[in-house]
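Peer 1: Sending over query-v3.csv (CSV, C-alpha atoms and all ligand atoms).
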chain,number,residue,atom,x,y,z
A,1,MET,CA,24.0,1.7,4.2
A,2,ILE,CA,21.3,2.4,1.7
A,3,LYS,CA,22.9,4.6,-0.9
A,4,ARG,CA,20.9,3.9,-4.1
A,5,VAL,CA,17.3,2.5,-4.2
A,6,LEU,CA,15.1,1.4,-7.0
A,7,ILE,CA,11.3,1.7,-6.3
A,8,THR,CA,8.8,0.0,-8.7
A,9,GLY,CA,5.5,1.9,-8.6
A,10,GLY,CA,7.6,4.9,-7.6
A,11,ALA,CA,5.0,7.3,-9.1
A,12,GLY,CA,2.2,5.7,-7.1
A,13,PHE,CA,0.7,6.8,-3.8
A,14,LEU,CA,3.0,4.8,-1.5
A,15,GLY,CA,5.9,4.6,-4.0
A,16,SER,CA,6.1,8.4,-4.2
A,17,HIS,CA,6.1,8.8,-0.4
A,18,LEU,CA,8.9,6.2,-0.3
A,19,CYS,CA,10.9,8.2,-2.9
A,20,ASP,CA,10.5,11.3,-0.6
A,21,ASN,CA,11.7,9.3,2.4
A,22,PHE,CA,14.9,7.9,0.8
A,23,LEU,CA,15.8,11.2,-0.9
A,24,ALA,CA,15.4,13.0,2.5
A,25,LYS,CA,17.7,10.4,4.0
A,26,GLY,CA,20.4,11.2,1.4
A,27,ALA,CA,20.0,8.2,-0.9
A,28,LYS,CA,19.8,8.3,-4.7
A,29,VAL,CA,16.4,7.1,-5.9
A,30,ILE,CA,15.2,5.5,-9.2
A,31,ALA,CA,11.5,5.4,-9.6
A,32,VAL,CA,10.1,3.0,-12.1
A,33,ASP,CA,6.4,3.1,-13.1
A,34,ASN,CA,4.2,2.3,-16.1
A,35,LEU,CA,1.8,5.1,-15.0
A,36,ILE,CA,-1.4,3.0,-15.3
A,37,THR,CA,-2.4,4.0,-11.8
A,38,GLY,CA,0.7,6.0,-10.8
A,39,SER,CA,0.9,9.7,-11.8
A,40,MET,CA,3.8,12.1,-12.7
A,41,THR,CA,2.1,14.7,-10.5
A,42,ASN,CA,3.1,12.6,-7.4
A,43,ILE,CA,6.7,13.0,-8.3
A,44,GLU,CA,6.9,16.3,-10.2
A,45,HIS,CA,8.4,18.0,-7.1
A,46,LEU,CA,11.4,15.5,-7.4
A,47,ILE,CA,12.2,15.8,-11.1
A,48,LYS,CA,14.8,18.5,-10.6
A,49,ASN,CA,16.5,16.7,-7.8
A,50,PRO,CA,19.9,15.5,-9.1
A,51,ARG,CA,19.6,12.4,-6.9
A,52,PHE,CA,16.3,11.4,-8.5
A,53,GLU,CA,15.6,9.6,-11.7
A,54,PHE,CA,12.3,8.4,-13.3
A,55,ILE,CA,12.0,5.6,-15.8
A,56,LYS,CA,8.7,4.8,-17.5
A,57,LEU,CA,8.7,1.1,-17.7
A,58,ASP,CA,6.4,-1.9,-17.3
A,59,VAL,CA,8.2,-4.1,-14.8
A,60,THR,CA,6.4,-7.2,-16.0
A,61,ASN,CA,8.4,-7.1,-19.2
A,62,TYR,CA,11.9,-6.2,-18.2
A,63,LEU,CA,13.8,-4.5,-15.4
A,64,HIS,CA,17.5,-3.5,-15.5
A,65,VAL,CA,19.5,-0.3,-14.7
A,66,PRO,CA,23.2,0.3,-14.8
A,67,GLY,CA,25.2,0.9,-11.6
A,68,PRO,CA,25.0,-0.4,-8.1
A,69,LEU,CA,21.8,-0.8,-6.0
A,70,ASP,CA,21.5,-1.4,-2.3
A,71,LEU,CA,17.7,-1.9,-2.2
A,72,VAL,CA,15.0,-2.9,-4.7
A,73,MET,CA,11.5,-2.1,-3.5
A,74,HIS,CA,8.7,-3.8,-5.5
A,75,PHE,CA,5.7,-1.5,-4.9
A,76,ALA,CA,4.1,-1.5,-8.3
A,77,SER,CA,0.5,-2.8,-8.5
A,78,PRO,CA,-3.0,-1.6,-8.9
A,79,ALA,CA,-4.1,-1.6,-5.2
A,80,SER,CA,-7.7,-0.6,-4.9
A,81,PRO,CA,-10.5,-3.1,-5.5
A,82,ILE,CA,-11.9,-1.1,-8.5
A,83,ASP,CA,-8.5,-0.8,-10.0
A,84,TYR,CA,-7.7,-4.5,-9.9
A,85,ALA,CA,-11.2,-5.3,-11.2
A,86,ARG,CA,-10.4,-2.9,-14.1
A,87,TRP,CA,-6.9,-4.3,-14.7
A,88,PRO,CA,-7.1,-7.9,-13.5
A,89,ILE,CA,-4.4,-9.3,-15.8
A,90,PRO,CA,-1.9,-6.5,-15.2
A,91,THR,CA,-2.5,-7.0,-11.5
A,92,LEU,CA,-1.7,-10.7,-11.7
A,93,LYS,CA,1.3,-10.0,-14.0
A,94,VAL,CA,2.9,-7.4,-11.8
A,95,GLY,CA,2.5,-9.6,-8.7
A,96,ALA,CA,3.9,-12.6,-10.5
A,97,LEU,CA,6.2,-11.6,-13.4
A,98,GLY,CA,7.0,-8.2,-11.9
A,99,THR,CA,8.1,-9.7,-8.6
A,100,HIS,CA,10.2,-12.2,-10.5
A,101,LYS,CA,11.9,-9.4,-12.5
A,102,ALA,CA,12.5,-7.2,-9.5
A,103,LEU,CA,13.9,-10.2,-7.5
A,104,GLY,CA,16.2,-11.0,-10.4
A,105,LEU,CA,17.5,-7.4,-10.4
A,106,ALA,CA,18.1,-7.5,-6.6
A,107,LYS,CA,20.0,-10.8,-7.0
A,108,ASP,CA,22.1,-9.4,-9.8
A,109,LYS,CA,22.9,-6.2,-7.8
A,110,LYS,CA,23.3,-8.1,-4.5
A,111,ALA,CA,20.7,-5.7,-3.1
A,112,ILE,CA,18.1,-6.1,-0.4
A,113,PHE,CA,14.7,-6.9,-1.9
A,114,ALA,CA,11.6,-5.4,-0.2
A,115,LEU,CA,8.1,-6.6,-1.2
A,116,ALA,CA,4.9,-4.6,-0.7
A,117,SER,CA,2.6,-7.4,0.4
A,118,THR,CA,-0.8,-6.8,1.9
A,119,SER,CA,-3.4,-7.6,4.5
A,120,GLU,CA,-5.4,-9.0,1.6
A,121,VAL,CA,-3.2,-12.2,1.9
A,122,TYR,CA,-5.5,-12.8,5.0
A,123,GLY,CA,-8.6,-12.6,2.7
A,124,ASP,CA,-11.9,-12.4,4.7
A,125,PRO,CA,-10.2,-13.4,7.9
A,126,GLU,CA,-11.6,-15.8,10.4
A,127,VAL,CA,-9.3,-14.5,13.2
A,128,ASN,CA,-9.3,-10.9,14.3
A,129,PRO,CA,-6.8,-9.2,14.8
A,130,GLN,CA,-4.6,-11.0,12.2
A,131,PRO,CA,-1.1,-12.1,13.3
A,132,GLU,CA,1.5,-12.9,10.6
A,133,THR,CA,1.1,-16.6,11.5
A,134,TYR,CA,-2.5,-16.6,10.1
A,135,TRP,CA,-2.6,-18.3,6.7
A,136,GLY,CA,-5.7,-16.5,5.5
A,137,ASN,CA,-9.1,-17.2,4.0
A,138,VAL,CA,-8.9,-16.2,0.3
A,139,ASN,CA,-11.3,-17.0,-2.6
A,140,PRO,CA,-8.9,-17.7,-5.5
A,141,ILE,CA,-11.5,-17.3,-8.2
A,142,GLY,CA,-13.4,-14.3,-6.8
A,143,PRO,CA,-12.9,-10.7,-8.1
A,144,ARG,CA,-10.4,-9.9,-5.4
A,145,GLY,CA,-8.5,-13.2,-6.2
A,146,VAL,CA,-6.4,-11.4,-8.9
A,147,TYR,CA,-4.8,-9.2,-6.2
A,148,ASP,CA,-4.8,-11.5,-3.3
A,149,GLU,CA,-3.4,-14.5,-5.1
A,150,ALA,CA,-0.8,-12.3,-6.9
A,151,LYS,CA,0.4,-11.0,-3.6
A,152,ARG,CA,0.4,-14.5,-2.1
A,153,TYR,CA,2.4,-15.8,-5.0
A,154,ALA,CA,4.8,-12.7,-4.7
A,155,GLU,CA,5.5,-13.7,-1.1
A,156,ALA,CA,6.1,-17.3,-2.1
A,157,MET,CA,8.5,-16.2,-4.9
A,158,THR,CA,10.3,-13.8,-2.6
A,159,MET,CA,10.8,-16.5,0.0
A,160,ALA,CA,12.1,-18.9,-2.8
A,161,TYR,CA,14.7,-16.3,-3.9
A,162,HIS,CA,15.6,-15.9,-0.2
A,163,ARG,CA,16.0,-19.6,0.5
A,164,TYR,CA,17.4,-20.8,-2.9
A,165,HIS,CA,19.5,-17.8,-4.0
A,166,GLY,CA,20.2,-16.2,-0.6
A,167,VAL,CA,18.7,-12.8,-1.6
A,168,PRO,CA,18.2,-10.7,1.6
A,169,VAL,CA,14.4,-10.0,1.6
A,170,ARG,CA,12.0,-7.9,3.6
A,171,ILE,CA,8.2,-8.6,3.3
A,172,VAL,CA,5.8,-6.0,4.6
A,173,ARG,CA,2.1,-6.7,4.9
A,174,ILE,CA,0.5,-3.3,4.4
A,175,PHE,CA,-2.9,-2.6,6.0
A,176,ASN,CA,-5.3,0.1,4.6
A,177,THR,CA,-3.3,3.2,4.3
A,178,TYR,CA,-4.5,6.7,3.4
A,179,GLY,CA,-3.1,10.1,2.9
A,180,PRO,CA,-2.2,12.8,0.3
A,181,ARG,CA,-1.6,11.6,-3.3
A,182,MET,CA,-4.4,9.0,-3.2
A,183,ARG,CA,-6.4,9.5,-6.4
A,184,THR,CA,-9.9,11.0,-6.0
A,185,GLU,CA,-11.2,8.3,-8.4
A,186,ASP,CA,-9.4,5.3,-6.9
A,187,GLY,CA,-12.6,4.0,-5.4
A,188,ARG,CA,-11.3,3.2,-2.0
A,189,ALA,CA,-13.4,4.2,1.0
A,190,VAL,CA,-11.3,7.2,2.2
A,191,PRO,CA,-10.9,9.0,-1.1
A,192,ASN,CA,-14.5,8.2,-2.0
A,193,PHE,CA,-15.9,9.6,1.2
A,194,ILE,CA,-13.7,12.7,1.2
A,195,THR,CA,-14.5,13.5,-2.4
A,196,GLN,CA,-18.2,12.9,-1.9
A,197,ALA,CA,-18.3,14.9,1.3
A,198,LEU,CA,-16.4,17.9,-0.2
A,199,LYS,CA,-18.6,17.9,-3.3
A,200,GLY,CA,-21.8,17.6,-1.2
A,201,LYS,CA,-22.7,14.3,-2.9
A,202,PRO,CA,-24.1,11.3,-1.1
A,203,ILE,CA,-21.5,9.4,0.9
A,204,THR,CA,-21.6,5.8,-0.3
A,205,VAL,CA,-21.3,3.2,2.4
A,206,TYR,CA,-21.3,-0.3,1.1
A,207,GLY,CA,-23.4,-2.9,2.9
A,208,ASP,CA,-24.7,-1.8,6.3
A,209,GLY,CA,-21.4,-0.2,7.1
A,210,SER,CA,-20.7,-2.7,10.0
A,211,GLN,CA,-17.6,-4.1,8.3
A,212,THR,CA,-14.4,-2.9,9.9
A,213,ARG,CA,-11.0,-1.6,8.7
A,214,SER,CA,-8.0,-0.2,10.5
A,215,LEU,CA,-6.6,2.9,8.8
A,216,THR,CA,-2.9,3.8,8.8
A,217,TYR,CA,-1.7,7.3,7.9
A,218,VAL,CA,0.9,7.2,5.1
A,219,SER,CA,3.8,8.7,7.2
A,220,ASP,CA,3.4,6.0,9.8
A,221,LEU,CA,3.5,3.3,7.1
A,222,VAL,CA,6.7,4.8,5.5
A,223,ASP,CA,8.4,4.9,8.9
A,224,GLY,CA,7.6,1.2,9.5
A,225,ILE,CA,8.9,0.3,6.1
A,226,ASP,CA,12.0,2.3,6.5
A,227,ARG,CA,12.7,0.6,9.8
A,228,LEU,CA,12.1,-2.8,8.3
A,229,VAL,CA,14.5,-2.3,5.3
A,230,ARG,CA,17.2,-1.1,7.7
A,231,SER,CA,16.6,-4.1,10.0
A,232,LYS,CA,17.7,-7.7,9.6
A,233,GLU,CA,14.1,-9.0,9.7
A,234,THR,CA,12.8,-11.0,6.7
A,235,GLY,CA,9.2,-10.7,7.8
A,236,PRO,CA,6.5,-11.0,6.7
A,237,ILE,CA,5.6,-8.3,9.2
A,238,ASN,CA,2.3,-6.4,9.6
A,239,ILE,CA,2.5,-2.6,9.4
A,240,GLY,CA,-0.8,-1.0,10.2
A,241,ASN,CA,-2.7,0.9,12.8
A,242,PRO,CA,-4.6,-1.4,15.1
A,243,VAL,CA,-7.4,1.1,15.8
A,244,GLU,CA,-10.4,-0.7,14.2
A,245,MET,CA,-13.5,1.1,13.2
A,246,THR,CA,-16.7,0.3,11.2
A,247,LEU,CA,-17.0,1.9,7.8
A,248,LEU,CA,-20.1,3.8,9.0
A,249,GLU,CA,-17.9,5.3,11.8
A,250,ILE,CA,-15.3,6.3,9.2
A,251,ALA,CA,-17.9,7.9,7.0
A,252,ASN,CA,-19.3,9.8,9.9
A,253,THR,CA,-15.9,11.0,11.0
A,254,ILE,CA,-15.1,12.3,7.5
A,255,LYS,CA,-18.6,14.0,7.3
A,256,LYS,CA,-17.9,15.7,10.6
A,257,LEU,CA,-14.3,16.8,9.7
A,258,THR,CA,-15.3,18.2,6.3
A,259,LYS,CA,-18.4,19.9,7.9
A,260,SER,CA,-20.3,18.3,5.0
A,261,ARG,CA,-24.1,18.3,4.6
A,262,SER,CA,-23.9,15.1,2.4
A,263,ARG,CA,-26.3,12.3,3.2
A,264,ILE,CA,-24.9,8.8,3.9
A,265,VAL,CA,-26.4,6.3,1.5
A,266,PHE,CA,-26.1,2.5,1.6
A,267,LYS,CA,-25.0,0.6,-1.5
A,268,LYS,CA,-24.5,-3.1,-2.3
A,269,LEU,CA,-21.6,-4.7,-0.5
A,270,PRO,CA,-18.9,-5.9,-3.1
A,271,VAL,CA,-18.4,-9.6,-3.5
A,272,ASP,CA,-16.0,-11.1,-0.9
A,273,ASP,CA,-15.6,-7.8,0.9
A,274,PRO,CA,-13.7,-8.7,4.2
A,275,LYS,CA,-16.0,-8.3,7.2
A,276,VAL,CA,-13.2,-7.4,9.6
A,277,ARG,CA,-9.6,-6.3,9.4
A,278,ARG,CA,-7.2,-5.3,12.1
A,279,PRO,CA,-3.4,-5.9,12.3
A,280,ASP,CA,-1.7,-7.6,15.2
A,281,ILE,CA,1.4,-5.5,15.4
A,282,THR,CA,3.2,-7.3,18.3
A,283,LEU,CA,6.0,-8.2,15.9
A,284,ALA,CA,6.5,-4.7,14.5
A,285,ARG,CA,6.5,-3.3,18.0
A,286,LYS,CA,9.0,-5.8,19.3
A,287,LEU,CA,11.4,-6.2,16.3
A,288,LEU,CA,11.2,-2.7,14.7
A,289,LYS,CA,10.3,-0.7,17.8
A,290,TRP,CA,7.6,0.7,15.5
A,291,GLU,CA,4.1,1.8,16.2
A,292,PRO,CA,1.8,4.3,14.5
A,293,LYS,CA,1.8,7.9,15.8
A,294,VAL,CA,-0.8,9.8,13.7
A,295,PRO,CA,-4.3,9.7,15.1
A,296,LEU,CA,-7.1,9.2,12.6
A,297,GLU,CA,-8.6,12.7,12.9
A,298,GLU,CA,-5.2,14.3,12.4
A,299,GLY,CA,-4.3,12.1,9.4
A,300,LEU,CA,-7.8,12.7,7.9
A,301,LYS,CA,-7.4,16.5,8.3
A,302,ARG,CA,-4.2,16.5,6.3
A,303,THR,CA,-5.8,14.2,3.7
A,304,ILE,CA,-8.9,16.4,3.4
A,305,ALA,CA,-6.6,19.5,3.0
A,306,TYR,CA,-4.9,17.7,0.1
A,307,PHE,CA,-8.2,16.8,-1.6
A,308,ARG,CA,-9.5,20.3,-1.2
A,309,ARG,CA,-6.4,21.5,-3.1
A,310,ILE,CA,-6.7,19.1,-6.0
A,311,LEU,CA,-10.5,19.1,-6.4
B,401,LIG,N1,-16.4,1.1,1.0
B,401,LIG,C1,-17.5,1.8,1.2
B,401,LIG,N2,-17.8,2.8,0.3
B,401,LIG,C2,-17.0,3.2,-0.7
B,401,LIG,C3,-15.8,2.5,-0.9
B,401,LIG,C4,-15.5,1.4,0.0
B,401,LIG,O1,-18.3,1.5,2.1
B,401,LIG,O2,-17.4,4.2,-1.4
B,401,LIG,C5,-16.1,0.0,1.9
B,401,LIG,C6,-15.7,-1.4,1.2
B,401,LIG,O3,-16.9,-2.1,0.9
B,401,LIG,C7,-14.9,-2.0,2.3
B,401,LIG,C8,-14.2,-0.8,3.0
B,401,LIG,O4,-15.0,0.3,2.6
B,401,LIG,O5,-15.7,-2.7,3.2
B,401,LIG,C9,-12.8,-0.6,2.6
B,401,LIG,O6,-12.7,-0.6,1.2
B,401,LIG,P1,-11.5,-0.1,0.3
B,401,LIG,O7,-11.9,-0.2,-1.1
B,401,LIG,O8,-11.0,1.2,0.9
B,401,LIG,O9,-10.4,-1.1,0.7
B,401,LIG,P2,-10.3,-2.7,1.0
B,401,LIG,O10,-10.0,-2.8,2.4
B,401,LIG,O11,-11.7,-3.3,0.7
B,401,LIG,O12,-9.3,-3.2,0.2
For the file at hand, write its structure as structure tokens.
Ligand code: UDP
Peer 2:
Amino acid sequence: MIKRVLITGGAGFLGSHLCDNFLAKGAKVIAVDNLITGSMTNIEHLIKNPRFEFIKLDVTNYLHVPGPLDLVMHFASPASPIDYARWPIPTLKVGALGTHKALGLAKDKKAIFALASTSEVYGDPEVNPQPETYWGNVNPIGPRGVYDEAKRYAEAMTMAYHRYHGVPVRIVRIFNTYGPRMRTEDGRAVPNFITQALKGKPITVYGDGSQTRSLTYVSDLVDGIDRLVRSKETGPINIGNPVEMTLLEIANTIKKLTKSRSRIVFKKLPVDDPKVRRPDITLARKLLKWEPKVPLEEGLKRTIAYFRRIL
């Protein structure tokens, strides 16, 4: 039974949705965040909840709380390419030192440890779709290396604590996820395209737009993670929507749904931008009985409504 959960990155996009999830299921939740990319507005609706607590803290330095914990979720990290380019060293530190601190806390509390890993561990993949058995194609010294290698190291550290200390762990490899509470300025494709479309500004497609991504709506992701932490599976396990689209198709879909008159313009493709990405979710289907439910247009409509409100 998960009665008390600590979530690092609890004021972030995914972290705050996870806080909502565990509070709704009756648990006590402690959100920890240093607020470099997280925001109090993501959790302001929870502040008055007596089962919710927020601690402003950089988890790379220190992490401890009094009382029992059943689950420690390490979800703190800059997560968009422009964020980790802006904060390369904090990104490396939170993946390395932060994972170590969070694992230490889980070990001390005899709690389950859940790691937010990423499809970025597959780098620019040479196999498509990507099964969990694929080792990846990552450039360690490129601009994305700070995130990719930090997450790969975090997986290695997590497995070492599991094997050496017997900590029960759950590793989720998260594919591109979108939804309300993404920052308008976070630089990822979905918030950029929606913000640009709503403001009537040019929609910036990088490269020729033929690169692909597979977009997961946030409630589907949270459901997958919830099932994983309540299961006995260590993972790593891919959670993502296998519907693969080109970026140009995604841009056109957003333009249509916002009824925008924005033009689509083509900009330089970022260094090491993966050409394809699509999760193989055979394992999640089989072991967690999970699959995504929210179709892209439905998820985008909800996300567009959120961006209309905050813009
Ligand atoms: N992208 C784009 N225009 C933007 C932002 C991103 O065409 O304004 C592209 C980016 O080059 C990549 C894809 O969209 O091919 C997804 O980028 P994002 O930053 O959302 O996440 P990534 O999957 O690269 O981590």
Peer 1: Which chains and residue numbers are within 8 Å of ligand LIG 401 (chain B), counting only C-alpha atoms and all ligand atoms, if I want them as number ranges by chain?
Peer 2: A: 79-82, 120, 175-176, 187-190, 192-193, 203-207, 209, 211-213, 247-248, 266-267, 269-270, 273-275, 277
Peer 1: For a cutoff of 6 Å around the file-coordinate point (-6.5, 2.8, 5.9), which residues qualify once you count only C-alpha atoms? I'd like the result as a ChimeraX atom specification.
Peer 2: /A:176-178,214-216
Peer 1: Let me make sure I understand: among A:Asp124, A:Asp33, A:Asp148, A:Asp20, which one has the smallest atom-to-atom distance to Leu92 (chain A) if we use only C-alpha atoms?
Peer 2: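 The closest residue to Leu92 (chain A) is A:Asp148.
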Peer 1: Interatomic distance between CA of Lys25 (chain A) and CA of Asp70 (chain A)?
Peer 2: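 Here the two named atoms are 13.9 Å from each other.
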Peer 1: Env of Val29 (chain A): 9 Å cut, atoms = only C-alpha atoms, seq-sep filter 2 positions within chain, self excluded. Answer as a compact mmCIF listing (two decimals) with C-alpha atoms, in the coordinates of the input.
Peer 2:
# COMPACT_ATOMS: atom_id res chain seq x y z
CA LYS A 3 22.90 4.60 -0.90
CA ARG A 4 20.90 3.90 -4.10
CA VAL A 5 17.30 2.50 -4.20
CA LEU A 6 15.10 1.40 -7.00
CA ILE A 7 11.30 1.70 -6.30
CA CYS A 19 10.90 8.20 -2.90
CA ASP A 20 10.50 11.30 -0.60
CA PHE A 22 14.90 7.90 0.80
CA LEU A 23 15.80 11.20 -0.90
CA ALA A 27 20.00 8.20 -0.90
CA ALA A 31 11.50 5.40 -9.60
CA ARG A 51 19.60 12.40 -6.90
CA PHE A 52 16.30 11.40 -8.50
CA GLU A 53 15.60 9.60 -11.70
CA PHE A 54 12.30 8.40 -13.30
